[in-house]
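Just below is one structure, and these are the notes that go with it.
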Amino acid sequence: MSYDKNNIFAKILRGEIPCKKIYENEFVLSFYDVNPQKKIHVLVIPKGEYIDLDDFNNKASDKEIVELNKAITHVSSLLGVRERGFRTLTNIGSDGGQEVPHLHYHIFAGEKIGKMVS
């Protein structure tokens with residue numbers, strides 16, 4: 001599968017669709033999900049064109065990989081949720097529930113999240 005340059009996150013990165021930004025640096029962008037599933041629901045995405053975590057780990061530079069991971073921790077601090085806890089989640093492929101073909105991590109917080117899988 002090749003990267004779809006017209007996916008919603010690519011459009012957000014190009015500024016064609018607005019977002020409620022939380023954090024941005026050279027490598028990542030974080031913003032609030034427009035359809036939150038929990039009290040706090042934000043996304044952290046790499047700025048590079050990566051379909052999913054497998055694609056990212058195979059093609060991204062070491063710097064990009066480190067910066068994405070650091071951004072998740074930094075955003076959780078900005079949100080003030082590190083002390084009580086939060087969940088990060090990324091989906092891979094249709095069976096994994098991936099809806100947008102651009103790697104993205106969800107951060108869920110602000111309430112008890114519950115079991116991982118029911």
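Chains: A, B, ... in order of the structure tokens. Residues: from 1 per chain. Ligands: from 1, in order shown.
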Strand (DSSP E) positions in chain A, given as a list of chain:residue names: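 Secondary structure check on chain A, strand (DSSP E): A:Lys21, A:Ile22, A:Tyr23, A:Glu24, A:Val28, A:Leu29, A:Ser30, A:Phe31, A:Tyr32, A:Ile40, A:His41, A:Val42, A:Leu43, A:Val44, A:Ile45, A:Pro46, A:Arg87, A:Thr88, A:Leu89, A:Tyr105, A:His106, A:Ile107, A:Phe108, A:Ala109.
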Minimum-distance residue to Gly97 (chain A), chosen among A:Glu16, A:Glu24, A:Asp52, A:Asp4 (using only C-alpha atoms):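 Looking at the shortest contact to Gly97 (chain A), the residue is A:Asp52.
Counting only C-alpha atoms, His41 (chain A) has the following residues at most 12 Å away, ignoring those fewer than 5 positions along the same chain: Lys20, Ile22, Ser30, Phe31, Tyr32, Asp33, Val34, Asn35, Pro36, Val75, Ser76, Leu79, Val81, Phe86, Arg87, Thr88, Leu89, Tyr105, His106, Ile107, Phe108, Ala109, Gly110, Glu111 and Ile113 of chain A.
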